[in-house]
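Structure first, commentary second.
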Number of protein chains: 2
Amino acid sequence: MARLKVIKSKQFFEEGTVEHLAQVPSGGNRPEVDWKKAKLIGKAVDRVDGYDKVSGTAEFTFDVHLPQMAHARILRSPHPHAQIKRIRTSRAEALPGVLAVITRENTPKTPWYGDTFIFDPHSRYIGDEVACVAAETEEIAEEALRLIEVKYEILPFVTDPVKAAEGTIPPFHEAGHLLHGEAEEYQRGDIDAGFAGADVIVEDSFTTQVAVHNTMEPHCSVVNWEGNKLRVWDSTQGIYHVRDQLAEFFKLPSSNVQVTTRYMGGGFGSKLRAGKHTVIAALLSRRIGRPVRIALDRREQNLSAGNRPDSIQRLKIGAKSDGTLTAMSFSALGSSGAYSSSARCFWPFMTMYKCENVSVEQRSAFTNLGKGEPFRAPGHPQGTFALDSILDELAEKIGMDPLDLRLKNYAEIDQVSGQPYTSKKLREAYKQGARRFGWREKFRPPGSDKGPLKRGVGLASQIWWGGGGPPAGVTVKLNRDGSVSAIAGSQDLGTGTCTFIAQVVAEALEIPVQRVEVTLGKTAVGPYCPSSGGSVTAPSVAPAAHDAAMQVRDTLIEGAAAILETPKEELLYRDGTISVGGNSGRRLTIGEVIGEMREQTIVRTGLRAANPEGYMIQTFGVQFAEVEVDTMTGKVRVIRVVAAHDVGRTLNRKLLENQFEGGIIMGISLALLEERIVDEYTGKVLTTNLHDYKLPTVLDTPQIETIVVDNHDTTANSLGVKGVGEPPIIPTAGAIANAVYNAIGVRIRSLPITPDRVLTALQA
Amino acid sequence: MARLKVIKSKQFFEEGTVEHLAQVPSGGNRPEVDWKKAKLIGKAVDRVDGYDKVSGTAEFTFDVHLPQMAHARILRSPHPHAQIKRIRTSRAEALPGVLAVITRENTPKTPWYGDTFIFDPHSRYIGDEVACVAAETEEIAEEALRLIEVKYEILPFVTDPVKAAEGTIPPFHEAGHLLHGEAEEYQRGDIDAGFAGADVIVEDSFTTQVAVHNTMEPHCSVVNWEGNKLRVWDSTQGIYHVRDQLAEFFKLPSSNVQVTTRYMGGGFGSKLRAGKHTVIAALLSRRIGRPVRIALDRREQNLSAGNRPDSIQRLKIGAKSDGTLTAMSFSALGSSGAYSSSARCFWPFMTMYKCENVSVEQRSAFTNLGKGEPFRAPGHPQGTFALDSILDELAEKIGMDPLDLRLKNYAEIDQVSGQPYTSKKLREAYKQGARRFGWREKFRPPGSDKGPLKRGVGLASQIWWGGGGPPAGVTVKLNRDGSVSAIAGSQDLGTGTCTFIAQVVAEALEIPVQRVEVTLGKTAVGPYCPSSGGSVTAPSVAPAAHDAAMQVRDTLIEGAAAILETPKEELLYRDGTISVGGNSGRRLTIGEVIGEMREQTIVRTGLRAANPEGYMIQTFGVQFAEVEVDTMTGKVRVIRVVAAHDVGRTLNRKLLENQFEGGIIMGISLALLEERIVDEYTGKVLTTNLHDYKLPTVLDTPQIETIVVDNHDTTANSLGVKGVGEPPIIPTAGAIANAVYNAIGVRIRSLPITPDRVLTALQA
């Protein structure tokens, strides 16, 4: 049905990661589990590493200190666009305590970010890497940076994506002014006929800001060469991806690169690929024969470590007077920054609601600013903000309740592929969410409140992949005392991967969760798992852990069958013991079975099975927001958010609420606070610290209520699990924007909704 | 045939380890490999970790330094035997920099070494643990030890095993004066009839000294609690054994204890079980909430870390005049030291030569000295020295060449069980060794040389288990680029475990050995492998590695068969590529196959298969030594040793020669140099440093020639491998003692053969 005209690539975050999402056959299909009997899965189990974090024992990459470790600082270009003509490092090298200075002149010319190099003579933004100093201390390295003399040839620059796309300066990438050299496009149906058949047409533009990830733990790498082996401690969301990038850069067998990420202080998409700083640390370590640590500071993170690209979105929708959508057209422009990256805002527009005639086009222009990187549900919060805003405009125009408009255009099947979903319980989510929020009672005509403090409500919907898939593997090793070590090549960004693996394994073996010890974040020992992005971790890794534990369980039952000389079908496995015919018969503990088998450990590697063919796996949700706008100050206060989602089976109620609260707070922040501000005359970023760049505190946090509709989507995978990392952030800004309109009767079409914008709009 | 009367236990080193040697069914039986095509196995492949060691990059436990790590020193009893009446620690605790002092008064009363405790109020030897101080530096801790006031009640003590066995002081263990309370005994046939039927009877006594392991890296543990998880870096031969001992002591799930041994500077049996210092470090770490390091110094190692017990052996053998043995009787006494341990000297006597009538008895008496521990082939060098000495006495008496006497009494089957050997190529070893050495030409009547420098030759035989067995597991993870990570819960004592695993995996997958990266020494991630003692490592772990790699290879071939739509039987796997019908057909690389399978890594865990039932697996050998005795100074110089052994298939010629040279040098040292000397009046050890305790240098090292007879013992296991760690040390001292007799015509029946003993003997 849908016609895919031009989609440059189906990948929705960076190269190398998409492959991990491929939905392909693999081993270990497990029968459905009787989840009513679950003792751990779905429960509010404490984090298994809670003590380590609370006590400060947890070793983050920032904490890694190796003997003889040197510290490095990066010299970054002070010009938005320049050619480096000459670099003199002799004064820096002479500073006592300096161990080495590397530049483009003494490092290999190996490509990085496509058509550019680690130290590129063509410097494309303020913050671009020019040189790096390793020294005995960070302070000496910092001081040495000032002694490096660089002669730049200043070039014209551009920071505005519109001007960039127009080609106001000569292109600085082979592709030209635009990422990929052209727009990404998609069409289905007959867009003109669709609009011709519409009773009502609404058309408007929306803009969103650049936001910076600002993870609690900044980007950091500690690197050490051991002969021709490269050991890397990295704050990364993808240990395997970093491993493979470094192996390729240094032309090493991938097993010679060992990447370790034990604890991590957040990534949100900005740590999916190896940073230049990681490669630079490795180059320096090889030069000086010592471990090298590079930790970005907050300013560097705000300049160079990625961001959520901005967007200018033009939306046009046509509908029958009963609300049925007849045509949807979308055109957007964003800024990629200085290197290749983009955020596709059009996915929700293409897939969220039922419509036969859809046209989509998005361009990303190169600007002389820090590059974009995937950021928690790339493109989706921006696209949803615009989509759900214009839907509310339509609803008002035809006099329809916004919730009814969504229900009217409910998509029963995937709008692009025409495939059915493995499951979709969004209708139930709308119902439960509206009831909890009191939508029918609270939704009033815009600007109903009389005083200066005006309340309003709004809603927005969510769609996101979240199905995960193979390949992913987990190894489970059962000890004689019934305790377990589980090993996976995944990583825990702070989201609770360790905890849910322990739960899944403990559930399958019917042992206490405290008896499962999980080792993650080590490429040297863990079976391959995907990078933790795209909400793939739980739906990919948990079924693999389940498979491994069930293999161990099967082995135990087979062992017991031999010992008890009883067919295994007649044996009952319960709470880590195996018995004949329930309470009456003979009973063996795990230890006794392993003991009789004369083994010390039972080791099995479980694999994530293939996703079902012919289905789409998606997560869905709706959020309802209530706000209070102070029309005197323009300040918006979010009072309450009710989130009702279909994210498959809940693995851990605490972790799930953590994700929802974190995502919604981040969504509020995107709606009201965060913005990277650039001075267009100098190309300087004005918000490089957490004073100038506003992040929310607990005072900005409203009451958040999370509803997950009961959905064990065992068509999707053996555990019925979908991802929950990204869904919560997607609809928040849209719901808030609609609530602000509902409060004051004036629509703000630009994020963030600052007091300034509110007052300006009220005056207009 | 043989009658086992009383053997207290079949274990030949410490409890918990013997279990690992159980020969039981397990998975992964592999067909025999065509070894003629081997490219790596058997070759002189460089150590894969050679660079790390030569460059100093290798991190031994001694090198582990954790943030906030405290240093601890142990207060040891200065009295050979005492009751501790009172301990005052307040002055020590007041010393600036002291973090904690622990004694029996503030630590749990959990048993250790059977009937005693970590800090036992009953102090049984000079060196017994009394208290321990943790401080900011090792120096402060050492100083604080002097401020601890201990009031001892002095008790009578005994250092001589004869007096100890006679009960000259009251017993200080529940069992009484003797280990196990009684002798260990064994008999077969009719010993009286055997002697009655003899034409000749020879009877004599032999003594051997106490030797101390004196590993290059002393015993060391770094311990850290992370909540209720115990992380331990330990210089140990058995990471799993240490894990399980600590888990039991602290009542933790075994998965909560993670033991790591990355590189190790030798063990020789002294690091098979967790040391008291390891437990003490854990107790201190829990108390102060910081990591704690305890490293024994050379004095502590010589006092407390174990030794090869001494022996007084009485041997009597009867033979027909043609050399046929008719009866053999053995009685020995040794000293166990203050805690339970022994070295059984009687195994070679029971098993080396064919004889129907054998009687054996050995006692171990508790003395007030440091405890014994297994030491490279426990008991065997001592027993072989006595056995091969008395055989030479018999040979001379009946006018027979010593080699002919051994051949006359060649045991075709195991003398104890009556079972056949999986293979025994000792006859071939005798033949090749004698030819290389020139035995027939060099063997002359005793004392043939006329001048003061007299040369002589001697030989001795060797028998040792060395068959290994299950359980042992290795995980092999193949990456897309054809590189491999192998993971095993084994440890590399310096013997080359990492290297042979890499070789076996690379051989099976036909890839360069440089593409295999091995992770050992981590209980958290490695499948169970046995403690590295008893020469079990290679014959247990190598077949498991082979099994894992072959599973991966099979998976690749199956994957290729599906891709090429060709039955797998028609595919040819060669050099990491799979092709149809050799050169003509289509060809896939490992990466292409994994890529098409849409996997990132192929992970398989291989297991050591069961040993064959009804067979004994043993190693055999003979060593020929030539010595020159300076009859003016009494000094013995070893000129040449030719070793000819059947140790199964050679995995790596370099590692094998390392083992042989190391073992033979240690044997020379035992024969001529090493001896722990005790002052019996004070109970003090006089040799607690490497000045007083003599170890050989390169100047003491003769020409060593190693012959291994071609023997791929695939009846024993899939790789045909036997152990090679212990066989080389076993016959050296016996061969040297016989050579000394052959040189000077006077027999020295006590080790070490010092100049003093030689001169005394010459004078007698």
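Letters A, B, ... mark the chains of the structure tokens in the order given; residue numbers begin at 1 per chain; ligand numbers begin at 1, in order shown.
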Practice task
Select from stretch 73-241 of chain B everything DSSP, run on the backbone, classes as helix (DSSP H, G or I), then give the selection as a VMD selection string.
Solution key: chain B and resid 90 to 94 104 to 106 138 to 145 161 to 166 179 to 181 191 to 196 239 to 241
Those residues with N, CA and C atoms, as a compact mmCIF listing (two decimals), in the first residue's frame please?
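Printed below is selection.txt as written:
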```
# COMPACT_ATOMS: atom_id res chain seq x y z
N SER B 90 45.67 -1.01 72.06
CA SER B 90 45.34 0.43 72.13
C SER B 90 46.49 1.32 71.67
N ARG B 91 47.73 0.97 72.00
CA ARG B 91 48.85 1.81 71.57
C ARG B 91 49.00 1.77 70.05
N ALA B 92 48.80 0.59 69.50
CA ALA B 92 48.89 0.47 68.03
C ALA B 92 47.80 1.27 67.35
N GLU B 93 46.60 1.17 67.90
CA GLU B 93 45.47 1.89 67.30
C GLU B 93 45.66 3.40 67.35
N ALA B 94 46.42 3.87 68.35
CA ALA B 94 46.61 5.31 68.51
C ALA B 94 47.66 5.87 67.55
N ARG B 104 41.92 -12.04 67.60
CA ARG B 104 40.88 -13.03 67.86
C ARG B 104 39.70 -12.41 68.62
N GLU B 105 39.94 -11.26 69.25
CA GLU B 105 38.89 -10.69 70.09
C GLU B 105 37.82 -9.93 69.31
N ASN B 106 38.14 -9.50 68.11
CA ASN B 106 37.13 -8.75 67.35
C ASN B 106 36.87 -9.33 65.96
N GLU B 138 52.40 0.61 54.33
CA GLU B 138 52.93 -0.64 54.86
C GLU B 138 53.88 -0.35 56.04
N GLU B 139 54.60 0.76 55.95
CA GLU B 139 55.57 1.11 56.99
C GLU B 139 54.86 1.41 58.31
N ILE B 140 53.77 2.15 58.23
CA ILE B 140 53.02 2.46 59.46
C ILE B 140 52.47 1.18 60.06
N ALA B 141 51.95 0.31 59.20
CA ALA B 141 51.41 -0.95 59.70
C ALA B 141 52.50 -1.76 60.40
N GLU B 142 53.66 -1.78 59.81
CA GLU B 142 54.79 -2.52 60.38
C GLU B 142 55.17 -1.93 61.74
N GLU B 143 55.21 -0.60 61.79
CA GLU B 143 55.57 0.05 63.05
C GLU B 143 54.52 -0.25 64.12
N ALA B 144 53.27 -0.26 63.71
CA ALA B 144 52.18 -0.51 64.67
C ALA B 144 52.27 -1.90 65.26
N LEU B 145 52.81 -2.86 64.49
CA LEU B 145 52.91 -4.24 65.01
C LEU B 145 53.71 -4.24 66.31
N PRO B 161 60.59 -34.47 63.83
CA PRO B 161 59.43 -35.35 63.63
C PRO B 161 59.51 -36.65 64.43
N VAL B 162 60.73 -37.15 64.66
CA VAL B 162 60.85 -38.41 65.43
C VAL B 162 60.39 -38.18 66.86
N LYS B 163 60.91 -37.10 67.45
CA LYS B 163 60.48 -36.79 68.82
C LYS B 163 58.99 -36.45 68.86
N ALA B 164 58.53 -35.74 67.82
CA ALA B 164 57.11 -35.37 67.78
C ALA B 164 56.24 -36.62 67.75
N ALA B 165 56.62 -37.59 66.92
CA ALA B 165 55.83 -38.82 66.80
C ALA B 165 55.87 -39.62 68.10
N GLU B 166 56.99 -39.51 68.82
CA GLU B 166 57.12 -40.25 70.09
C GLU B 166 56.29 -39.61 71.20
N LEU B 179 49.20 -36.69 62.11
CA LEU B 179 48.17 -36.28 61.17
C LEU B 179 47.22 -37.46 60.96
N HIS B 180 45.93 -37.22 61.00
CA HIS B 180 44.89 -38.26 60.92
C HIS B 180 44.93 -39.21 62.12
N GLY B 181 45.85 -38.98 63.07
CA GLY B 181 45.91 -39.83 64.27
C GLY B 181 46.57 -41.17 64.07
N ILE B 191 53.87 -60.06 51.62
CA ILE B 191 55.18 -59.43 51.73
C ILE B 191 56.21 -60.41 52.31
N ASP B 192 55.79 -61.22 53.29
CA ASP B 192 56.74 -62.15 53.90
C ASP B 192 57.17 -63.23 52.91
N ALA B 193 56.20 -63.75 52.19
CA ALA B 193 56.53 -64.75 51.18
C ALA B 193 57.45 -64.17 50.12
N GLY B 194 57.20 -62.90 49.79
CA GLY B 194 58.03 -62.23 48.80
C GLY B 194 59.48 -62.15 49.23
N PHE B 195 59.69 -61.74 50.47
CA PHE B 195 61.08 -61.66 50.94
C PHE B 195 61.68 -63.06 51.08
N ALA B 196 60.84 -64.03 51.51
CA ALA B 196 61.34 -65.40 51.66
C ALA B 196 61.83 -65.95 50.32
N ILE B 239 41.54 -20.12 41.41
CA ILE B 239 40.59 -19.03 41.67
C ILE B 239 39.26 -19.56 42.18
N TYR B 240 38.81 -20.67 41.65
CA TYR B 240 37.52 -21.20 42.09
C TYR B 240 37.61 -21.75 43.51
N HIS B 241 38.73 -22.35 43.83
CA HIS B 241 38.88 -22.92 45.16
C HIS B 241 38.92 -21.80 46.19
```
Residues of chain B that have any atom at most 7 Å from an atom of chain A: could you tabulate them with the shortest-distance atom pair and the distance in Å to one decimal, using only C-alpha atoms, ordered by chain and increasing number, as JSON lines?
```
{"residue": "B:Val24", "atom": "CA", "partner": "A:Arg598", "partner_atom": "CA", "distance": 6.6}
{"residue": "B:Tyr51", "atom": "CA", "partner": "A:Gly227", "partner_atom": "CA", "distance": 5.9}
{"residue": "B:Asp52", "atom": "CA", "partner": "A:Glu226", "partner_atom": "CA", "distance": 6.3}
{"residue": "B:Thr57", "atom": "CA", "partner": "A:Glu226", "partner_atom": "CA", "distance": 6.3}
{"residue": "B:Glu226", "atom": "CA", "partner": "A:Thr57", "partner_atom": "CA", "distance": 6.3}
{"residue": "B:Gly227", "atom": "CA", "partner": "A:Tyr51", "partner_atom": "CA", "distance": 5.9}
{"residue": "B:Pro253", "atom": "CA", "partner": "A:Ser483", "partner_atom": "CA", "distance": 5.7}
{"residue": "B:Ser254", "atom": "CA", "partner": "A:Ser483", "partner_atom": "CA", "distance": 6.2}
{"residue": "B:Ser255", "atom": "CA", "partner": "A:Ser483", "partner_atom": "CA", "distance": 5.6}
{"residue": "B:Asn256", "atom": "CA", "partner": "A:Glu517", "partner_atom": "CA", "distance": 6.5}
{"residue": "B:Pro471", "atom": "CA", "partner": "A:Glu599", "partner_atom": "CA", "distance": 5.4}
{"residue": "B:Asp481", "atom": "CA", "partner": "A:Pro253", "partner_atom": "CA", "distance": 6.9}
{"residue": "B:Ser483", "atom": "CA", "partner": "A:Ser255", "partner_atom": "CA", "distance": 5.6}
{"residue": "B:Val484", "atom": "CA", "partner": "A:Ser255", "partner_atom": "CA", "distance": 5.8}
{"residue": "B:Ser485", "atom": "CA", "partner": "A:Ser255", "partner_atom": "CA", "distance": 5.8}
{"residue": "B:Ile487", "atom": "CA", "partner": "A:Val525", "partner_atom": "CA", "distance": 6.5}
{"residue": "B:Arg515", "atom": "CA", "partner": "A:Pro253", "partner_atom": "CA", "distance": 6.2}
{"residue": "B:Val516", "atom": "CA", "partner": "A:Ser255", "partner_atom": "CA", "distance": 7.0}
{"residue": "B:Glu517", "atom": "CA", "partner": "A:Ser255", "partner_atom": "CA", "distance": 5.9}
{"residue": "B:Ala524", "atom": "CA", "partner": "A:Ser485", "partner_atom": "CA", "distance": 6.3}
{"residue": "B:Val525", "atom": "CA", "partner": "A:Ile487", "partner_atom": "CA", "distance": 6.4}
{"residue": "B:Pro527", "atom": "CA", "partner": "A:Val603", "partner_atom": "CA", "distance": 6.5}
{"residue": "B:Tyr528", "atom": "CA", "partner": "A:Thr601", "partner_atom": "CA", "distance": 5.8}
{"residue": "B:Arg598", "atom": "CA", "partner": "A:Val24", "partner_atom": "CA", "distance": 6.6}
{"residue": "B:Glu599", "atom": "CA", "partner": "A:Pro471", "partner_atom": "CA", "distance": 5.4}
{"residue": "B:Gln600", "atom": "CA", "partner": "A:Tyr528", "partner_atom": "CA", "distance": 6.2}
{"residue": "B:Thr601", "atom": "CA", "partner": "A:Tyr528", "partner_atom": "CA", "distance": 5.8}
{"residue": "B:Val603", "atom": "CA", "partner": "A:Pro527", "partner_atom": "CA", "distance": 6.5}
```
Q) Residues at most 9 Å from B:Gln301, counting only C-alpha atoms, excluding those fewer than 5 positions away in the same chain, as a VMD selection string? A) chain B and resid 212 to 215 218 to 219 296 306 688
Dump of C-alpha atoms for the selected residues, as a PDB file, in the first residue's frame:
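Writing the result to out.pdb gives the following:
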```pdb
ATOM      1  CA  VAL B 212      60.315 -23.943  50.751  1.00  0.00           C
ATOM      2  CA  HIS B 213      58.517 -22.969  47.531  1.00  0.00           C
ATOM      3  CA  ASN B 214      60.024 -19.456  47.464  1.00  0.00           C
ATOM      4  CA  THR B 215      57.985 -18.361  44.449  1.00  0.00           C
ATOM      5  CA  PRO B 218      55.283 -13.974  47.193  1.00  0.00           C
ATOM      6  CA  HIS B 219      51.756 -14.626  48.396  1.00  0.00           C
ATOM      7  CA  LEU B 296      53.796 -11.495  52.459  1.00  0.00           C
ATOM      8  CA  GLY B 306      54.073 -23.823  53.192  1.00  0.00           C
ATOM      9  CA  THR B 688      64.214 -17.013  56.100  1.00  0.00           C
TER      10      THR B 688
END
```
Applying 9 Å and only C-alpha atoms, which residues near stretch 495-508 of chain B remain after dropping the ones on its own chain fewer than 2 positions away? List them as a VMD selection string.
chain B and resid 38 to 41 45 to 49 266 474 476 484 486 490 to 493 510 to 520 537 to 538 541 to 543 545 to 550 553 651 to 652 655 to 656 658 to 659 725
Long-range neighbours of A:Ile729 as a compact mmCIF listing (two decimals) with C-alpha atoms, in the first residue's frame, 7 Å cut-off, only C-alpha atoms, 5 positions minimum in chain:
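Dumped to around15.txt:
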```txt
# COMPACT_ATOMS: atom_id res chain seq x y z
CA PRO A 381 9.65 14.65 20.56
CA GLY A 663 11.76 10.80 30.36
CA ILE A 664 8.86 13.04 31.30
CA MET A 666 13.37 15.56 30.22
CA GLY A 667 10.31 16.24 28.07
```
Give me, as a list in words, all polymer residues having an atom no more than 8 Å from B:Ser205, counting only C-alpha atoms and skipping those fewer than 4 positions away in the same chain.
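The residues that qualify are Ile312, Gln313, Arg314, Leu315, Ala386 and Arg749 of chain B.
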Suppose we keep C-alpha atoms; can you now write the selection as a short mmCIF file (atom, residue, chain, number, x, y, z; two decimals), in the first residue's frame?
```cif
data_model
loop_
_atom_site.label_atom_id
_atom_site.label_comp_id
_atom_site.auth_asym_id
_atom_site.auth_seq_id
_atom_site.Cartn_x
_atom_site.Cartn_y
_atom_site.Cartn_z
CA ILE B 312 62.87 -40.36 56.87
CA GLN B 313 62.31 -43.34 54.61
CA ARG B 314 63.20 -46.95 55.37
CA LEU B 315 63.21 -49.13 52.25
CA ALA B 386 65.06 -43.26 47.90
CA ARG B 749 71.51 -41.10 51.59
#
```
I'd like the contact shell of B:Thr110 - 10 Å cut-off, only C-alpha atoms, skipping same-chain residues fewer than 3 positions apart - returned as a ChimeraX atom specification.
/B:107,115-119,248-250
Restrict the selected residues to N, CA, C and O atoms and save them as a short mmCIF file (atom, residue, chain, number, x, y, z; two decimals), in the first residue's frame.
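Writing the result to part.cif gives the following:
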```cif
data_model
loop_
_atom_site.label_atom_id
_atom_site.label_comp_id
_atom_site.auth_asym_id
_atom_site.auth_seq_id
_atom_site.Cartn_x
_atom_site.Cartn_y
_atom_site.Cartn_z
N THR B 107 37.11 -10.64 65.84
CA THR B 107 36.82 -11.30 64.56
C THR B 107 36.04 -12.58 64.84
O THR B 107 36.11 -13.12 65.96
N ASP B 115 40.65 -27.95 62.86
CA ASP B 115 40.23 -27.74 64.25
C ASP B 115 40.75 -26.42 64.83
O ASP B 115 40.74 -26.25 66.04
N THR B 116 41.22 -25.50 63.99
CA THR B 116 41.80 -24.25 64.52
C THR B 116 41.12 -23.05 63.86
O THR B 116 40.24 -23.19 63.03
N PHE B 117 41.56 -21.85 64.25
CA PHE B 117 40.89 -20.63 63.80
C PHE B 117 41.89 -19.67 63.13
O PHE B 117 43.09 -19.84 63.26
N ILE B 118 41.32 -18.68 62.45
CA ILE B 118 42.17 -17.69 61.77
C ILE B 118 43.15 -17.05 62.76
O ILE B 118 44.34 -17.03 62.53
N PHE B 119 42.61 -16.51 63.84
CA PHE B 119 43.47 -16.03 64.92
C PHE B 119 43.24 -16.98 66.10
O PHE B 119 42.29 -16.81 66.86
N GLU B 248 32.38 -19.78 51.75
CA GLU B 248 32.00 -20.60 52.90
C GLU B 248 32.32 -19.86 54.20
O GLU B 248 31.50 -19.82 55.12
N PHE B 249 33.49 -19.26 54.25
CA PHE B 249 33.90 -18.56 55.48
C PHE B 249 32.94 -17.42 55.79
O PHE B 249 32.53 -17.22 56.92
N PHE B 250 32.61 -16.64 54.75
CA PHE B 250 31.77 -15.45 54.98
C PHE B 250 30.28 -15.73 54.75
O PHE B 250 29.47 -14.82 54.76
#
```
- Task: Any chance you could list, as number ranges by chain, the residues in stretch 101-346 of chain A that come up strand (DSSP E or B) when DSSP is run on the backbone?
- Result: A: 101-103, 111-112, 116-117, 122-123, 129-135, 149-154, 178, 184-188, 200-208, 211, 220-226, 229-234, 257-260, 263, 292-295, 308, 311-319, 325-337
I'd like to know which of B:Ile390, B:Leu571, B:Ala610, B:Ala733 is closest to B:Arg586, using only C-alpha atoms.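 Answer, going by the shortest atom-to-atom distance: B:Leu571.
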message: Rounded to one decimal, what separation in Å do you get between atom CA of B:Ile563 and atom CA of A:Glu613?
response: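 Between atom CA of B:Ile563 and atom CA of A:Glu613 the gap works out to 19.6 Å.
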### Task
Work out how far apart atom CA of A:Arg146 and atom CA of A:Val101 are and give it in Å to one decimal.
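About the pair atom CA of A:Arg146 and atom CA of A:Val101: they are 12.3 Å apart.
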| query | Separation of atom CA of B:Pro309 and atom CA of B:Phe268, in Å? | reply |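 We find that atom CA of B:Pro309 and atom CA of B:Phe268 lie 13.8 Å from each other.
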